[in-house]
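Structure first, then comments.
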Amino acid sequence: MTRYDIGVLDDFTTGTARQLKVAGRILVAVRIEQDVYILDDRCSHEDFSLAEGEVNVGTREIECARHGAMFRLSDGEPTSFPATRPVAHYVVFEDAGRLEVEVP
Ligand code: FES
């Protein structure tokens, strides 16, 4: 596992999704208040970018804009059909105000 710097908290807008490219991977980052969640930017139902979806701040989920599957930001598990498989999620660390994502 290697950690990659992804900026500071204020680089992210709460309640919105943003695509990130890290170490050859395409990821989606979502900030909700003081937390930043990172998943693979690829729906597990079909190959579609989750960064285009809406974020549900209250339930901390992201909705795939293509067919409406919801994924829990904390672990990438689907919470509604048509997705049945999780999306990979990555741990975010804070070090002296910088955010780092750990990827294999
Ligand atoms: S591609 Fe995401 S729900 Fe179908």
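Note on naming: chains are A, B, ... as they come in the structure tokens, residues start from 1 per chain, ligands start from 1 in the order shown.
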
Query raised in the report: Which residues, written as JSON, numbers by chain, have at least one atom at most 10 Å from Leu50 (chain A), with only C-alpha atoms counted and residues fewer than 5 positions away on the same chain left out?
Result: {"A": [17, 18, 19, 27, 28, 29, 39, 40, 41, 42, 43, 44, 55, 62, 63, 64, 65, 66, 69, 70, 71, 87]}

Just write the chosen residues, N, CA and C atoms, as a PDB file, in the first residue's frame.
```pdb
ATOM      1  N   ALA A  17     -19.374  15.358  -5.632  1.00  0.00           N
ATOM      2  CA  ALA A  17     -18.420  14.327  -6.031  1.00  0.00           C
ATOM      3  C   ALA A  17     -17.439  14.914  -7.032  1.00  0.00           C
ATOM      4  N   ARG A  18     -16.208  14.472  -6.931  1.00  0.00           N
ATOM      5  CA  ARG A  18     -15.186  14.962  -7.857  1.00  0.00           C
ATOM      6  C   ARG A  18     -14.266  13.816  -8.246  1.00  0.00           C
ATOM      7  N   GLN A  19     -13.971  13.732  -9.547  1.00  0.00           N
ATOM      8  CA  GLN A  19     -13.077  12.672 -10.011  1.00  0.00           C
ATOM      9  C   GLN A  19     -11.632  13.021  -9.693  1.00  0.00           C
ATOM     10  N   LEU A  27     -10.595   7.610  -9.543  1.00  0.00           N
ATOM     11  CA  LEU A  27     -11.327   7.525  -8.277  1.00  0.00           C
ATOM     12  C   LEU A  27     -12.348   8.645  -8.208  1.00  0.00           C
ATOM     13  N   VAL A  28     -13.291   8.500  -7.286  1.00  0.00           N
ATOM     14  CA  VAL A  28     -14.229   9.581  -7.019  1.00  0.00           C
ATOM     15  C   VAL A  28     -14.116   9.938  -5.538  1.00  0.00           C
ATOM     16  N   ALA A  29     -13.976  11.232  -5.280  1.00  0.00           N
ATOM     17  CA  ALA A  29     -13.865  11.733  -3.913  1.00  0.00           C
ATOM     18  C   ALA A  29     -15.123  12.512  -3.564  1.00  0.00           C
ATOM     19  N   LEU A  39     -13.888   6.316  -3.496  1.00  0.00           N
ATOM     20  CA  LEU A  39     -14.266   5.037  -4.103  1.00  0.00           C
ATOM     21  C   LEU A  39     -13.679   4.977  -5.509  1.00  0.00           C
ATOM     22  N   ASP A  40     -13.670   3.773  -6.097  1.00  0.00           N
ATOM     23  CA  ASP A  40     -13.381   3.682  -7.529  1.00  0.00           C
ATOM     24  C   ASP A  40     -14.471   4.430  -8.281  1.00  0.00           C
ATOM     25  N   ASP A  41     -14.059   5.176  -9.303  1.00  0.00           N
ATOM     26  CA  ASP A  41     -15.055   5.939 -10.053  1.00  0.00           C
ATOM     27  C   ASP A  41     -15.646   5.083 -11.160  1.00  0.00           C
ATOM     28  N   ARG A  42     -16.233   3.974 -10.759  1.00  0.00           N
ATOM     29  CA  ARG A  42     -16.815   3.069 -11.748  1.00  0.00           C
ATOM     30  C   ARG A  42     -17.920   2.285 -11.055  1.00  0.00           C
ATOM     31  N   CYS A  43     -19.123   2.501 -11.514  1.00  0.00           N
ATOM     32  CA  CYS A  43     -20.249   1.759 -10.953  1.00  0.00           C
ATOM     33  C   CYS A  43     -20.020   0.263 -11.151  1.00  0.00           C
ATOM     34  N   SER A  44     -20.449  -0.543 -10.173  1.00  0.00           N
ATOM     35  CA  SER A  44     -20.268  -1.991 -10.284  1.00  0.00           C
ATOM     36  C   SER A  44     -21.360  -2.639 -11.131  1.00  0.00           C
ATOM     37  N   VAL A  55     -24.974  13.182  -4.573  1.00  0.00           N
ATOM     38  CA  VAL A  55     -24.583  12.729  -3.235  1.00  0.00           C
ATOM     39  C   VAL A  55     -25.750  12.960  -2.283  1.00  0.00           C
ATOM     40  N   ILE A  62     -23.809   7.746  -2.483  1.00  0.00           N
ATOM     41  CA  ILE A  62     -23.746   8.364  -3.809  1.00  0.00           C
ATOM     42  C   ILE A  62     -24.611   7.537  -4.736  1.00  0.00           C
ATOM     43  N   GLU A  63     -25.311   8.240  -5.622  1.00  0.00           N
ATOM     44  CA  GLU A  63     -26.220   7.585  -6.555  1.00  0.00           C
ATOM     45  C   GLU A  63     -25.585   7.540  -7.932  1.00  0.00           C
ATOM     46  N   CYS A  64     -25.629   6.380  -8.558  1.00  0.00           N
ATOM     47  CA  CYS A  64     -25.168   6.288  -9.938  1.00  0.00           C
ATOM     48  C   CYS A  64     -26.176   6.995 -10.832  1.00  0.00           C
ATOM     49  N   ALA A  65     -25.671   7.893 -11.669  1.00  0.00           N
ATOM     50  CA  ALA A  65     -26.569   8.694 -12.500  1.00  0.00           C
ATOM     51  C   ALA A  65     -27.175   7.885 -13.642  1.00  0.00           C
ATOM     52  N   ARG A  66     -26.650   6.694 -13.881  1.00  0.00           N
ATOM     53  CA  ARG A  66     -27.140   5.946 -15.045  1.00  0.00           C
ATOM     54  C   ARG A  66     -28.438   5.193 -14.757  1.00  0.00           C
ATOM     55  N   ALA A  69     -28.549   3.152  -8.908  1.00  0.00           N
ATOM     56  CA  ALA A  69     -28.052   2.392  -7.754  1.00  0.00           C
ATOM     57  C   ALA A  69     -27.391   3.343  -6.753  1.00  0.00           C
ATOM     58  N   MET A  70     -27.532   3.013  -5.469  1.00  0.00           N
ATOM     59  CA  MET A  70     -26.922   3.817  -4.414  1.00  0.00           C
ATOM     60  C   MET A  70     -25.773   3.024  -3.795  1.00  0.00           C
ATOM     61  N   PHE A  71     -24.716   3.730  -3.428  1.00  0.00           N
ATOM     62  CA  PHE A  71     -23.560   3.099  -2.784  1.00  0.00           C
ATOM     63  C   PHE A  71     -23.223   3.857  -1.506  1.00  0.00           C
ATOM     64  N   VAL A  87     -18.327  -1.363  -4.745  1.00  0.00           N
ATOM     65  CA  VAL A  87     -17.289  -0.608  -5.447  1.00  0.00           C
ATOM     66  C   VAL A  87     -16.107  -0.509  -4.478  1.00  0.00           C
TER      67      VAL A  87
END
```

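Each of A:Ile32, A:Ala23, A:Val8, A:Ala83 was compared to His67 (chain A) using only C-alpha atoms, and A:Ala83 turns out to be the nearest.
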
Query raised in the report: Which residue out of A:Asn56, A:Gln34, A:Ser49, A:Thr2 has the minimum interatomic distance to ligand 1 when only C-alpha atoms and all ligand atoms are used?
Result: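 Nearest candidate to ligand 1 out of A:Asn56, A:Gln34, A:Ser49, A:Thr2: A:Ser49.
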
Report summary line: Of A:Gly24, A:Gly68, A:Gly7, A:Gly58, the one sitting nearest ligand 1 when using only C-alpha atoms and all ligand atoms is A:Gly68

Report task. Pull the strand (DSSP E) assignments for chain A out of DSSP run on the backbone, and list those residues as a PyMOL selection string. Result -> chain A and resi 2-7+17-22+25-32+35-40+55-56+61-63+70-72+89-95+98-103

Query raised in the report: So which one's closest to ligand 1, A:Tyr4, A:Tyr37, A:Phe12, A:Phe81? Using only C-alpha atoms and all ligand atoms, please.
Result: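 Answer, going by the shortest atom-to-atom distance: A:Phe81.
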
Query raised in the report: Looking at only C-alpha atoms and all ligand atoms, which of A:Leu73, A:Ala51, A:Val91, A:Val57 is the one that sits closest to ligand 1?
Result: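 So, comparing all the options, the nearest one is A:Ala51.
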
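Of the residues listed (A:Thr59, A:Asp35, A:Asp10, A:Gly15), A:Asp35 shows the shortest atom-to-atom separation from Phe93 (chain A); distances use only C-alpha atoms.
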
Out of chain A, which residues get helix (DSSP H, G or I) from DSSP, as a short mmCIF file (atom, residue, chain, number, x, y, z; two decimals) with C-alpha atoms, in the first residue's frame?
```cif
data_model
loop_
_atom_site.label_atom_id
_atom_site.label_comp_id
_atom_site.auth_asym_id
_atom_site.auth_seq_id
_atom_site.Cartn_x
_atom_site.Cartn_y
_atom_site.Cartn_z
CA LEU A 9 -9.94 19.48 2.93
CA ASP A 10 -10.84 22.84 1.40
CA ASP A 11 -9.96 21.52 -2.06
CA LEU A 50 -20.01 7.70 -10.16
CA ALA A 51 -18.57 11.23 -10.14
CA GLU A 52 -21.54 12.25 -12.27
#
```

Query raised in the report: Counting only C-alpha atoms, what is within 7 Å of Ile6 (chain A), bar same-chain residues fewer than 3 positions away, as a VMD selection string?
Result: chain A and resid 99 to 101
